[in-house]
$ cat entry-v8.txt   # compact mmCIF, C-alpha atoms and all ligand atoms
# COMPACT_ATOMS: atom_id res chain seq x y z
CA MET A 1 -72.06 -32.65 33.24
CA THR A 2 -74.09 -35.82 32.80
CA SER A 3 -75.41 -36.29 29.30
CA ILE A 4 -76.51 -39.11 27.03
CA SER A 5 -75.66 -39.73 23.40
CA ASN A 6 -76.20 -42.66 21.05
CA ILE A 7 -72.80 -44.10 21.98
CA SER A 8 -72.92 -43.73 25.78
CA SER A 9 -71.54 -47.04 27.05
CA PRO A 10 -74.37 -47.74 29.60
CA LEU A 11 -76.60 -48.22 26.54
CA ARG A 12 -74.79 -51.55 26.12
CA ARG A 13 -76.78 -52.79 29.15
CA VAL A 14 -80.32 -52.33 27.79
CA TRP A 15 -82.41 -53.81 24.97
CA HIS A 16 -82.62 -52.15 21.54
CA PRO A 17 -84.79 -53.05 18.54
CA ILE A 18 -82.83 -53.71 15.34
CA GLY A 19 -85.59 -54.59 12.86
CA ARG A 20 -88.49 -56.89 12.12
CA ALA A 21 -87.73 -60.56 12.65
CA GLU A 22 -89.07 -61.43 9.20
CA SER A 23 -86.52 -59.12 7.55
CA PHE A 24 -83.55 -61.24 8.67
CA THR A 25 -82.73 -64.12 6.33
CA HIS A 26 -79.80 -66.38 5.45
CA GLU A 27 -78.23 -63.30 3.86
CA PRO A 28 -75.91 -61.78 6.52
CA THR A 29 -77.04 -58.24 7.32
CA ARG A 30 -74.92 -55.57 8.98
CA PHE A 31 -76.42 -53.13 11.46
CA GLU A 32 -75.01 -50.49 13.79
CA LEU A 33 -75.81 -50.30 17.48
CA VAL A 34 -74.34 -47.95 20.11
CA GLY A 35 -71.43 -47.18 17.79
CA GLU A 36 -70.51 -50.77 16.92
CA GLY A 37 -71.15 -52.96 13.88
CA TYR A 38 -73.01 -56.27 14.16
CA VAL A 39 -74.10 -58.96 11.74
CA ALA A 40 -77.49 -60.69 11.92
CA VAL A 41 -78.08 -63.94 10.07
CA ARG A 42 -80.38 -66.95 10.24
CA LEU A 43 -78.47 -70.12 11.25
CA SER A 44 -80.06 -73.36 12.48
CA ASP A 45 -83.40 -71.60 11.83
CA GLU A 46 -82.81 -68.88 14.42
CA ILE A 47 -81.66 -65.31 14.13
CA ARG A 48 -78.06 -65.09 15.36
CA VAL A 49 -76.24 -61.85 16.03
CA PHE A 50 -72.47 -61.38 16.28
CA ARG A 51 -70.02 -58.49 16.27
CA ASP A 52 -69.33 -57.85 12.59
CA MET A 53 -65.63 -58.59 12.91
CA CYS A 54 -63.85 -61.84 12.16
CA PRO A 55 -61.36 -62.67 14.97
CA HIS A 56 -58.71 -63.59 12.37
CA ARG A 57 -57.99 -60.31 10.56
CA PHE A 58 -61.14 -58.38 11.52
CA ALA A 59 -62.89 -58.58 8.13
CA ARG A 60 -66.64 -57.89 8.07
CA LEU A 61 -68.58 -61.12 8.35
CA SER A 62 -71.60 -59.34 6.89
CA ASP A 63 -69.71 -59.37 3.55
CA GLY A 64 -69.55 -63.17 3.79
CA CYS A 65 -72.23 -65.80 3.24
CA VAL A 66 -73.87 -68.83 4.79
CA VAL A 67 -72.29 -72.19 3.90
CA ASP A 68 -73.42 -75.49 5.49
CA ASP A 69 -75.28 -73.68 8.28
CA THR A 70 -72.17 -71.65 9.17
CA ILE A 71 -71.28 -68.05 8.48
CA GLN A 72 -68.22 -67.91 6.24
CA CYS A 73 -65.81 -64.98 6.40
CA PRO A 74 -65.23 -63.31 3.00
CA TYR A 75 -61.46 -62.90 3.59
CA HIS A 76 -59.94 -66.39 4.22
CA GLY A 77 -63.09 -68.48 4.35
CA TRP A 78 -63.09 -69.35 8.05
CA GLN A 79 -66.46 -70.77 9.06
CA PHE A 80 -68.32 -70.13 12.32
CA SER A 81 -71.18 -72.21 13.74
CA ALA A 82 -74.54 -70.88 14.97
CA GLU A 83 -72.93 -70.70 18.43
CA GLY A 84 -70.14 -68.53 17.00
CA ARG A 85 -67.41 -71.19 17.26
CA CYS A 86 -64.78 -71.44 14.53
CA VAL A 87 -65.36 -74.85 12.95
CA HIS A 88 -63.30 -74.73 9.78
CA VAL A 89 -60.14 -73.01 8.52
CA PRO A 90 -59.69 -73.94 4.84
CA ALA A 91 -55.97 -73.01 4.78
CA MET A 92 -55.28 -75.66 7.48
CA GLY A 93 -56.88 -78.51 5.54
CA ASP A 94 -59.94 -80.58 6.34
CA ASP A 95 -58.41 -82.67 9.14
CA ALA A 96 -56.89 -79.86 11.18
CA THR A 97 -58.35 -78.74 14.51
CA PRO A 98 -59.56 -75.14 14.14
CA PRO A 99 -58.22 -72.54 16.61
CA PRO A 100 -60.37 -71.82 19.71
CA ALA A 101 -61.72 -68.62 18.11
CA ARG A 102 -65.23 -67.41 18.98
CA LEU A 103 -67.38 -64.61 17.68
CA THR A 104 -68.61 -62.09 20.21
CA ALA A 105 -72.38 -62.49 20.61
CA PRO A 106 -74.77 -60.06 22.36
CA HIS A 107 -78.08 -61.08 23.98
CA VAL A 108 -80.86 -61.49 21.41
CA MET A 109 -84.63 -61.95 21.70
CA VAL A 110 -87.64 -61.68 19.43
CA ARG A 111 -90.60 -59.77 20.84
CA TYR A 112 -93.47 -57.86 19.18
CA GLY A 113 -92.26 -59.09 15.77
CA LEU A 114 -88.95 -57.29 16.30
CA VAL A 115 -85.45 -58.52 17.06
CA TRP A 116 -84.03 -56.93 20.23
CA VAL A 117 -80.35 -56.87 21.09
CA ALA A 118 -78.51 -56.07 24.34
CA PRO A 119 -74.71 -56.01 23.96
CA GLU A 120 -74.22 -56.85 27.68
CA ASP A 121 -76.39 -58.31 30.47
CA PRO A 122 -79.57 -56.20 30.35
CA LEU A 123 -80.67 -54.20 33.41
CA ALA A 124 -84.32 -53.82 32.39
CA ASP A 125 -86.99 -55.49 30.26
CA PRO A 126 -88.08 -54.06 26.91
CA ILE A 127 -91.29 -52.05 26.86
CA SER A 128 -94.42 -54.05 27.61
CA ILE A 129 -97.19 -53.35 25.09
CA PRO A 130 -100.58 -53.98 26.70
CA ARG A 131 -102.75 -54.39 23.58
CA TRP A 132 -100.28 -56.08 21.22
CA ASP A 133 -102.41 -59.25 20.97
CA ASP A 134 -105.76 -57.41 20.85
CA ALA A 135 -107.55 -58.77 17.76
CA SER A 136 -109.63 -55.59 17.38
CA LEU A 137 -106.48 -53.61 16.51
CA GLU A 138 -104.67 -53.93 13.18
CA LYS A 139 -100.87 -53.72 13.17
CA VAL A 140 -99.78 -51.03 10.76
CA TRP A 141 -96.01 -51.13 10.26
CA ILE A 142 -94.04 -48.15 9.03
CA ASP A 143 -90.72 -48.81 7.27
CA PRO A 144 -87.77 -47.84 9.51
CA VAL A 145 -86.65 -44.23 9.18
CA ASP A 146 -82.99 -43.20 9.63
CA VAL A 147 -82.72 -39.85 11.34
CA LYS A 148 -79.77 -37.52 11.86
CA ALA A 149 -80.45 -36.96 15.54
CA GLY A 150 -79.83 -38.71 18.84
CA ALA A 151 -82.30 -41.37 20.02
CA ALA A 152 -82.79 -39.43 23.28
CA GLN A 153 -83.74 -36.31 21.31
CA ILE A 154 -86.25 -38.25 19.22
CA VAL A 155 -87.94 -39.84 22.25
CA ASP A 156 -87.87 -36.50 24.11
CA ASN A 157 -89.72 -34.96 21.18
CA PHE A 158 -92.19 -37.86 20.88
CA LEU A 159 -93.12 -37.59 24.57
CA ASP A 160 -93.39 -33.79 24.51
CA PHE A 161 -96.85 -32.25 24.13
CA ALA A 162 -96.21 -28.52 24.31
CA HIS A 163 -94.96 -28.48 20.71
CA PHE A 164 -98.15 -29.63 18.97
CA PRO A 165 -99.71 -26.23 18.09
CA TYR A 166 -96.41 -25.02 16.59
CA VAL A 167 -94.59 -27.97 15.00
CA HIS A 168 -97.79 -29.77 13.97
CA ALA A 169 -99.84 -26.77 12.81
CA GLY A 170 -99.93 -28.44 9.35
CA THR A 171 -101.45 -31.70 10.64
CA PHE A 172 -103.22 -32.18 13.99
CA GLY A 173 -101.92 -29.24 16.08
CA SER A 174 -104.64 -26.88 17.30
CA ASP A 175 -104.46 -23.26 18.49
CA LYS A 176 -106.88 -24.31 21.23
CA ASP A 177 -104.19 -26.63 22.67
CA ARG A 178 -101.53 -24.09 23.62
CA LEU A 179 -101.90 -24.22 27.37
CA VAL A 180 -100.51 -27.39 28.95
CA HIS A 181 -102.72 -28.13 31.92
CA ASP A 182 -101.53 -29.85 35.05
CA TYR A 183 -100.76 -33.57 34.90
CA THR A 184 -98.86 -36.23 36.82
CA THR A 185 -96.44 -38.96 35.81
CA GLU A 186 -96.35 -42.38 37.38
CA ARG A 187 -93.23 -44.55 37.49
CA THR A 188 -93.66 -48.15 36.46
CA ALA A 189 -92.96 -50.89 39.00
CA ASP A 190 -89.43 -51.63 37.78
CA GLY A 191 -88.48 -47.93 37.98
CA TRP A 192 -87.26 -47.93 34.36
CA GLY A 193 -90.32 -46.30 32.81
CA PHE A 194 -93.38 -44.16 33.43
CA VAL A 195 -96.91 -43.51 32.23
CA VAL A 196 -98.65 -40.15 31.75
CA ASP A 197 -102.33 -39.51 31.06
CA TYR A 198 -103.01 -36.29 29.22
CA PRO A 199 -106.39 -35.41 27.69
CA HIS A 200 -106.28 -32.51 25.21
CA VAL A 201 -107.78 -31.33 21.87
CA ILE A 202 -106.64 -31.71 18.26
CA GLU A 203 -107.74 -30.71 14.79
CA ASN A 204 -108.92 -34.00 13.31
CA HIS A 205 -108.20 -33.79 9.58
CA GLU A 206 -108.29 -37.60 9.35
CA ASP A 207 -112.03 -37.70 10.17
CA PRO A 208 -114.14 -37.72 6.96
CA LEU A 209 -117.22 -36.56 8.89
CA VAL A 210 -115.53 -33.21 9.55
CA ALA A 211 -115.79 -32.23 5.88
CA ALA A 212 -119.42 -33.41 5.86
CA GLY A 213 -120.14 -31.04 8.76
CA GLU A 214 -121.21 -33.86 11.09
CA HIS A 215 -118.19 -33.65 13.41
CA PRO A 216 -116.37 -30.54 14.65
CA LEU A 217 -112.78 -30.05 13.43
CA VAL A 218 -111.49 -29.55 16.97
CA GLN A 219 -112.04 -32.76 18.89
CA PRO A 220 -111.03 -34.07 22.33
CA ARG A 221 -108.26 -36.66 22.39
CA GLU A 222 -107.25 -38.89 25.28
CA MET A 223 -103.53 -39.61 25.34
CA LYS A 224 -101.61 -42.03 27.49
CA TYR A 225 -97.86 -42.12 27.07
CA GLN A 226 -95.83 -45.06 28.18
CA PHE A 227 -92.03 -44.81 28.27
CA GLN A 228 -89.48 -47.53 28.90
CA VAL A 229 -85.73 -47.19 29.10
CA PRO A 230 -83.82 -46.44 26.99
CA PHE A 231 -85.71 -45.28 23.91
CA SER A 232 -89.13 -46.94 23.67
CA ALA A 233 -92.44 -45.12 23.79
CA ASN A 234 -96.04 -46.15 23.24
CA LEU A 235 -98.52 -43.33 22.65
CA GLN A 236 -102.05 -44.61 23.23
CA LEU A 237 -104.64 -42.39 21.59
CA PHE A 238 -108.42 -42.53 21.86
CA LEU A 239 -110.81 -40.14 20.13
CA PRO A 240 -114.28 -40.25 21.76
CA THR A 241 -115.88 -38.37 18.81
CA THR A 242 -115.00 -41.09 16.27
CA GLY A 243 -114.24 -44.07 18.54
CA MET A 244 -110.79 -44.27 16.97
CA VAL A 245 -108.07 -46.16 18.83
CA ASN A 246 -104.49 -45.64 17.69
CA HIS A 247 -101.46 -46.80 19.65
CA ILE A 248 -98.26 -45.47 18.12
CA LEU A 249 -95.09 -47.30 19.08
CA LEU A 250 -91.84 -45.45 18.53
CA LEU A 251 -88.79 -47.61 19.20
CA CYS A 252 -85.37 -46.11 18.55
CA GLN A 253 -82.16 -47.89 17.65
CA PRO A 254 -79.14 -45.71 18.48
CA MET A 255 -76.76 -46.51 15.62
CA THR A 256 -73.83 -44.11 15.51
CA LEU A 257 -73.22 -40.85 17.37
CA ASP A 258 -75.30 -38.91 14.85
CA THR A 259 -77.78 -41.42 13.46
CA THR A 260 -80.77 -43.24 14.85
CA ARG A 261 -83.05 -45.78 13.18
CA VAL A 262 -86.66 -45.28 14.20
CA HIS A 263 -88.93 -48.34 14.18
CA MET A 264 -92.63 -47.51 14.25
CA VAL A 265 -95.79 -49.55 14.30
CA MET A 266 -99.36 -48.46 14.94
CA LEU A 267 -102.13 -50.53 16.49
CA ARG A 268 -105.39 -49.12 15.07
CA ASN A 269 -109.05 -50.02 14.95
CA ASP A 270 -109.76 -48.01 11.78
CA CYS A 271 -107.47 -49.70 9.22
CA PRO A 272 -109.37 -52.70 7.84
CA ASP A 273 -107.67 -52.74 4.41
CA ASP A 274 -104.44 -51.86 2.59
CA ALA A 275 -105.74 -48.48 1.40
CA SER A 276 -106.59 -47.29 4.91
CA LYS A 277 -103.24 -48.63 6.19
CA SER A 278 -101.31 -46.75 3.48
CA ALA A 279 -103.23 -43.55 4.26
CA ALA A 280 -102.49 -43.94 7.99
CA VAL A 281 -98.77 -44.50 7.30
CA ALA A 282 -98.61 -41.48 4.97
CA TYR A 283 -100.29 -39.27 7.58
CA GLU A 284 -98.00 -40.49 10.38
CA LEU A 285 -94.92 -39.85 8.22
CA ARG A 286 -96.18 -36.32 7.52
CA VAL A 287 -96.43 -35.73 11.27
CA PHE A 288 -92.98 -37.26 11.82
CA ASP A 289 -91.53 -35.10 9.07
CA GLU A 290 -92.74 -32.03 10.93
CA ASP A 291 -90.77 -33.19 13.98
CA LEU A 292 -87.66 -33.91 11.90
CA LYS A 293 -87.53 -30.30 10.76
CA ILE A 294 -86.75 -29.43 14.38
CA LEU A 295 -84.80 -32.54 15.39
CA GLU A 296 -82.32 -32.62 12.52
CA ARG A 297 -81.32 -28.99 13.16
CA LEU A 298 -80.56 -29.26 16.88
CA PRO A 299 -76.96 -28.20 17.62
CA ASP A 300 -75.82 -31.47 19.18
CA THR A 301 -77.00 -35.09 19.08
CA SER A 302 -76.67 -35.68 22.84
CA ILE A 303 -78.87 -34.24 25.59
CA PRO A 304 -77.81 -32.99 29.03
CA LEU A 305 -79.51 -34.87 31.87
CA GLU A 306 -79.24 -32.59 34.90
CA ARG A 307 -78.24 -29.00 34.17
CA GLY A 308 -77.81 -27.22 30.85
CA GLN A 309 -81.45 -26.87 29.69
CA VAL A 310 -84.28 -24.78 31.14
CA HIS A 311 -87.34 -26.74 32.23
CA VAL A 312 -90.83 -25.50 33.11
CA ARG A 313 -93.87 -27.13 34.75
CA SER A 314 -95.22 -28.40 31.42
CA ASP A 315 -91.99 -30.38 30.92
CA ARG A 316 -92.61 -32.54 33.97
CA HIS A 317 -92.61 -35.89 32.16
CA THR A 318 -89.67 -35.09 29.87
CA VAL A 319 -87.74 -34.20 33.05
CA GLU A 320 -88.78 -37.61 34.41
CA PHE A 321 -87.45 -39.12 31.17
CA ARG A 322 -84.08 -37.44 31.85
CA ARG A 323 -84.05 -38.71 35.45
CA ILE A 324 -84.48 -42.30 34.29
CA LEU A 325 -81.73 -41.94 31.69
CA GLU A 326 -79.52 -40.30 34.31
CA ARG A 327 -80.05 -43.31 36.57
CA LEU A 328 -78.92 -45.54 33.69
CA VAL A 329 -75.80 -43.57 32.80
CA THR A 330 -74.66 -43.07 36.40
CA LEU A 331 -75.14 -46.68 37.60
S1 LIG A 401 -60.28 -62.27 8.35
FE1 LIG A 401 -61.83 -63.70 8.48
S2 LIG A 401 -60.98 -65.49 7.77
FE2 LIG A 401 -59.35 -64.09 7.77
FE FE A 402 -94.21 -34.07 17.33
$ encode --input "entry-v8.txt" --output "structure tokens"
Amino acid sequence: MTSISNISSPLRRVWHPIGRAESFTHEPTRFELVGEGYVAVRLSDEIRVFRDMCPHRFARLSDGCVVDDTIQCPYHGWQFSAEGRCVHVPAMGDDATPPPARLTAPHVMVRYGLVWVAPEDPLADPISIPRWDDASLEKVWIDPVDVKAGAAQIVDNFLDFAHFPYVHAGTFGSDKDRLVHDYTTERTADGWGFVVDYPHVIENHEDPLVAAGEHPLVQPREMKYQFQVPFSANLQLFLPTTGMVNHILLLCQPMTLDTTRVHMVMLRNDCPDDASKSAAVAYELRVFDEDLKILERLPDTSIPLERGQVHVRSDRHTVEFRRILERLVTL
């Protein structure tokens, strides 16, 4: 049976976010991706990423340090250049020619303020975020959250809209939103993503005019979901009652079989200052916490892609999500 987990090897051929570019310094940092350890470090003023394993005796380079614009292994002090070439072996003396050892380096790019890594030649572009440079929207970053669930499960949940009245009854879920009306999904041109438009209603507890009696609690909400392989989603929200625009980006980093780091950033038009940003982050984390109560108790961290789960009409786009992942894992 075809399934996908955080360590499925086809995930080596797509881009994954590993953290904000500004968080990577001259201090080597270890991170996990698709079941393997990597080290990220700034050398020659650029972020470099290598497998976190010295070719000599396999020590972790992330336990080493930067010396003379090289990364130095903590075990025997071998030094590697920004290109990953061994340039110095202290035990051989200063005049010796170092062995032709090289660090394994994945593809790396910086986009949307994040570092993206593809262990092998990527098959698809990362998600394209239409309003990233829109000056009317503030970027509200949420610190990464490590979750005990598979990245596919987290994105499946993020895309799903039949769970709102149940899982999110404590935040925005409304009893009036139980029926999922008909909708269509549209594949993106490269075939590695889709978009879905879905207008519905929510309880808007974030709107101060509700308490004042000027706005109704139950308000219409326009939603457009954008998905891109493997685990990127952009939920574009618009509330006509308040004029609020909120695009929520959820970008998952599959780390080990059972753990996923979730990178989130919101693009909002109602967060002019630090206080409103903190309130928006706190609210979003409350919503996410509601999802985690389900996600972290699922029996397995992989998901089946063809048979093995029961789907209904209101799951149309999460079935489309499975089809795209199935295409990836069966290529
Ligand atoms: S293990 Fe890295 S220098 Fe020996
Ligand atoms: Fe949810």
$ residues_near_ligand --input "entry-v8.txt" --ligand "ligand FE 402 (chain A)" --cutoff "12 Å" --atoms "all atoms listed in the file" --output "PDB file with C-alpha atoms, in the coordinates of the input"
ATOM      1  CA  GLN A 153     -83.740 -36.310  21.310  1.00  0.00           C
ATOM      2  CA  ILE A 154     -86.250 -38.250  19.220  1.00  0.00           C
ATOM      3  CA  VAL A 155     -87.940 -39.840  22.250  1.00  0.00           C
ATOM      4  CA  ASP A 156     -87.870 -36.500  24.110  1.00  0.00           C
ATOM      5  CA  ASN A 157     -89.720 -34.960  21.180  1.00  0.00           C
ATOM      6  CA  PHE A 158     -92.190 -37.860  20.880  1.00  0.00           C
ATOM      7  CA  LEU A 159     -93.120 -37.590  24.570  1.00  0.00           C
ATOM      8  CA  ASP A 160     -93.390 -33.790  24.510  1.00  0.00           C
ATOM      9  CA  PHE A 161     -96.850 -32.250  24.130  1.00  0.00           C
ATOM     10  CA  ALA A 162     -96.210 -28.520  24.310  1.00  0.00           C
ATOM     11  CA  HIS A 163     -94.960 -28.480  20.710  1.00  0.00           C
ATOM     12  CA  PHE A 164     -98.150 -29.630  18.970  1.00  0.00           C
ATOM     13  CA  PRO A 165     -99.710 -26.230  18.090  1.00  0.00           C
ATOM     14  CA  TYR A 166     -96.410 -25.020  16.590  1.00  0.00           C
ATOM     15  CA  VAL A 167     -94.590 -27.970  15.000  1.00  0.00           C
ATOM     16  CA  HIS A 168     -97.790 -29.770  13.970  1.00  0.00           C
ATOM     17  CA  ALA A 169     -99.840 -26.770  12.810  1.00  0.00           C
ATOM     18  CA  GLY A 170     -99.930 -28.440   9.350  1.00  0.00           C
ATOM     19  CA  THR A 171    -101.450 -31.700  10.640  1.00  0.00           C
ATOM     20  CA  PHE A 172    -103.220 -32.180  13.990  1.00  0.00           C
ATOM     21  CA  GLY A 173    -101.920 -29.240  16.080  1.00  0.00           C
ATOM     22  CA  LEU A 235     -98.520 -43.330  22.650  1.00  0.00           C
ATOM     23  CA  LEU A 250     -91.840 -45.450  18.530  1.00  0.00           C
ATOM     24  CA  GLU A 284     -98.000 -40.490  10.380  1.00  0.00           C
ATOM     25  CA  LEU A 285     -94.920 -39.850   8.220  1.00  0.00           C
ATOM     26  CA  ARG A 286     -96.180 -36.320   7.520  1.00  0.00           C
ATOM     27  CA  VAL A 287     -96.430 -35.730  11.270  1.00  0.00           C
ATOM     28  CA  PHE A 288     -92.980 -37.260  11.820  1.00  0.00           C
ATOM     29  CA  ASP A 289     -91.530 -35.100   9.070  1.00  0.00           C
ATOM     30  CA  GLU A 290     -92.740 -32.030  10.930  1.00  0.00           C
ATOM     31  CA  ASP A 291     -90.770 -33.190  13.980  1.00  0.00           C
ATOM     32  CA  LEU A 292     -87.660 -33.910  11.900  1.00  0.00           C
ATOM     33  CA  LYS A 293     -87.530 -30.300  10.760  1.00  0.00           C
ATOM     34  CA  ILE A 294     -86.750 -29.430  14.380  1.00  0.00           C
ATOM     35  CA  LEU A 295     -84.800 -32.540  15.390  1.00  0.00           C
TER      36      LEU A 295
END
$ closest_atom_pairs --input "entry-v8.txt" --of "chain A" --to "ligand LIG 401 (chain A)" --cutoff "9 Å" --atoms "only C-alpha atoms and all ligand atoms" --output "Markdown table"
| residue | atom | partner | partner_atom | distance |
| --- | --- | --- | --- | --- |
| A:Met53 | CA | A:LIG401 | FE1 | 7.8 |
| A:Cys54 | CA | A:LIG401 | FE1 | 4.6 |
| A:Pro55 | CA | A:LIG401 | FE1 | 6.6 |
| A:His56 | CA | A:LIG401 | S1 | 4.5 |
| A:Arg57 | CA | A:LIG401 | S1 | 3.7 |
| A:Phe58 | CA | A:LIG401 | S1 | 5.1 |
| A:Ala59 | CA | A:LIG401 | S1 | 4.5 |
| A:Arg60 | CA | A:LIG401 | FE1 | 7.6 |
| A:Leu61 | CA | A:LIG401 | FE1 | 7.2 |
| A:Gln72 | CA | A:LIG401 | S2 | 7.8 |
| A:Cys73 | CA | A:LIG401 | FE1 | 4.7 |
| A:Pro74 | CA | A:LIG401 | FE1 | 6.5 |
| A:Tyr75 | CA | A:LIG401 | FE2 | 4.8 |
| A:His76 | CA | A:LIG401 | S2 | 3.8 |
| A:Gly77 | CA | A:LIG401 | S2 | 5.0 |
| A:Trp78 | CA | A:LIG401 | S2 | 4.4 |
| A:Gln79 | CA | A:LIG401 | S2 | 7.7 |
| A:Val89 | CA | A:LIG401 | S2 | 7.6 |
$ closest_residue --input "entry-v8.txt" --among "A:His181, A:Thr259, A:Asp143, A:Val281" --to "Glu206 of chain A" --atoms "only C-alpha atoms"
A:Val281
$ residues_around --input "entry-v8.txt" --residues "Asp146 of chain A" --least-positions-apart "2" --cutoff "7 Å" --atoms "only C-alpha atoms" --output "PDB file with C-alpha atoms, in the coordinates of the input"
ATOM      1  CA  PRO A 144     -87.770 -47.840   9.510  1.00  0.00           C
ATOM      2  CA  LYS A 148     -79.770 -37.520  11.860  1.00  0.00           C
ATOM      3  CA  THR A 259     -77.780 -41.420  13.460  1.00  0.00           C
ATOM      4  CA  THR A 260     -80.770 -43.240  14.850  1.00  0.00           C
ATOM      5  CA  ARG A 261     -83.050 -45.780  13.180  1.00  0.00           C
ATOM      6  CA  VAL A 262     -86.660 -45.280  14.200  1.00  0.00           C
TER       7      VAL A 262
END
$ atom_distance --input "entry-v8.txt" --atom1 "atom CA of Val67 of chain A" --atom2 "atom CA of Ala91 of chain A"
16.4 Å
$ atom_distance --input "entry-v8.txt" --atom1 "atom CA of Pro254 of chain A" --atom2 "atom CA of Glu46 of chain A"
23.8 Å
$ residues_around --input "entry-v8.txt" --residues "segment 116-127 of chain A" --least-positions-apart "2" --cutoff "8 Å" --atoms "only C-alpha atoms" --output "list in words"
Arg12, Arg13, Val14, Trp15, His16, Pro17, Ile18, Gly19, Ala105, Pro106, His107, Val108, Met109, Val110, Arg111, Leu114, Ile129, Asp190, Trp192, Phe227, Gln228, Val229, Ser232 and Ala233 of chain A
$ residues_around --input "entry-v8.txt" --residues "Gly37 of chain A" --least-positions-apart "2" --cutoff "9 Å" --atoms "all atoms listed in the file" --output "compact mmCIF listing (two decimals) with C-alpha atoms, keeping the file's coordinate frame"
# COMPACT_ATOMS: atom_id res chain seq x y z
CA ARG A 30 -74.92 -55.57 8.98
CA PHE A 31 -76.42 -53.13 11.46
CA GLU A 32 -75.01 -50.49 13.79
CA LEU A 33 -75.81 -50.30 17.48
CA VAL A 34 -74.34 -47.95 20.11
CA GLY A 35 -71.43 -47.18 17.79
CA VAL A 39 -74.10 -58.96 11.74
CA PHE A 50 -72.47 -61.38 16.28
CA ARG A 51 -70.02 -58.49 16.27
CA ASP A 52 -69.33 -57.85 12.59
CA MET A 53 -65.63 -58.59 12.91
CA ARG A 60 -66.64 -57.89 8.07
CA MET A 255 -76.76 -46.51 15.62
$ closest_residue --input "entry-v8.txt" --among "A:Ser278, A:Gln309, A:Thr188, A:Ser44" --to "Gln226 of chain A" --atoms "all atoms listed in the file"
A:Thr188
$ build_atoms --input "entry-v8.txt" --residues "segment 132-143 of chain A" --atoms "N, CA and C atoms" --output "PDB file, keeping the file's coordinate frame"
ATOM      1  N   TRP A 132    -100.931 -55.519  22.408  1.00  0.00           N
ATOM      2  CA  TRP A 132    -100.280 -56.080  21.220  1.00  0.00           C
ATOM      3  C   TRP A 132    -101.110 -57.226  20.622  1.00  0.00           C
ATOM      4  N   ASP A 133    -101.679 -58.074  21.474  1.00  0.00           N
ATOM      5  CA  ASP A 133    -102.410 -59.250  20.970  1.00  0.00           C
ATOM      6  C   ASP A 133    -103.917 -58.994  20.826  1.00  0.00           C
ATOM      7  N   ASP A 134    -104.343 -57.754  20.954  1.00  0.00           N
ATOM      8  CA  ASP A 134    -105.760 -57.410  20.850  1.00  0.00           C
ATOM      9  C   ASP A 134    -106.224 -57.535  19.388  1.00  0.00           C
ATOM     10  N   ALA A 135    -107.133 -58.490  19.141  1.00  0.00           N
ATOM     11  CA  ALA A 135    -107.550 -58.770  17.760  1.00  0.00           C
ATOM     12  C   ALA A 135    -108.346 -57.625  17.145  1.00  0.00           C
ATOM     13  N   SER A 136    -108.852 -56.697  17.950  1.00  0.00           N
ATOM     14  CA  SER A 136    -109.630 -55.590  17.380  1.00  0.00           C
ATOM     15  C   SER A 136    -108.716 -54.494  16.808  1.00  0.00           C
ATOM     16  N   LEU A 137    -107.411 -54.622  17.019  1.00  0.00           N
ATOM     17  CA  LEU A 137    -106.480 -53.610  16.510  1.00  0.00           C
ATOM     18  C   LEU A 137    -105.588 -54.215  15.423  1.00  0.00           C
ATOM     19  N   GLU A 138    -105.534 -53.508  14.294  1.00  0.00           N
ATOM     20  CA  GLU A 138    -104.670 -53.930  13.180  1.00  0.00           C
ATOM     21  C   GLU A 138    -103.262 -53.403  13.427  1.00  0.00           C
ATOM     22  N   LYS A 139    -102.253 -54.214  13.090  1.00  0.00           N
ATOM     23  CA  LYS A 139    -100.870 -53.720  13.170  1.00  0.00           C
ATOM     24  C   LYS A 139    -100.508 -53.048  11.854  1.00  0.00           C
ATOM     25  N   VAL A 140    -100.137 -51.794  11.959  1.00  0.00           N
ATOM     26  CA  VAL A 140     -99.780 -51.030  10.760  1.00  0.00           C
ATOM     27  C   VAL A 140     -98.305 -50.646  10.885  1.00  0.00           C
ATOM     28  N   TRP A 141     -97.454 -51.360  10.164  1.00  0.00           N
ATOM     29  CA  TRP A 141     -96.010 -51.130  10.260  1.00  0.00           C
ATOM     30  C   TRP A 141     -95.587 -49.994   9.348  1.00  0.00           C
ATOM     31  N   ILE A 142     -94.637 -49.212   9.834  1.00  0.00           N
ATOM     32  CA  ILE A 142     -94.040 -48.150   9.030  1.00  0.00           C
ATOM     33  C   ILE A 142     -92.595 -48.572   8.771  1.00  0.00           C
ATOM     34  N   ASP A 143     -92.114 -48.435   7.548  1.00  0.00           N
ATOM     35  CA  ASP A 143     -90.720 -48.810   7.270  1.00  0.00           C
ATOM     36  C   ASP A 143     -89.796 -47.984   8.162  1.00  0.00           C
TER      37      ASP A 143
END
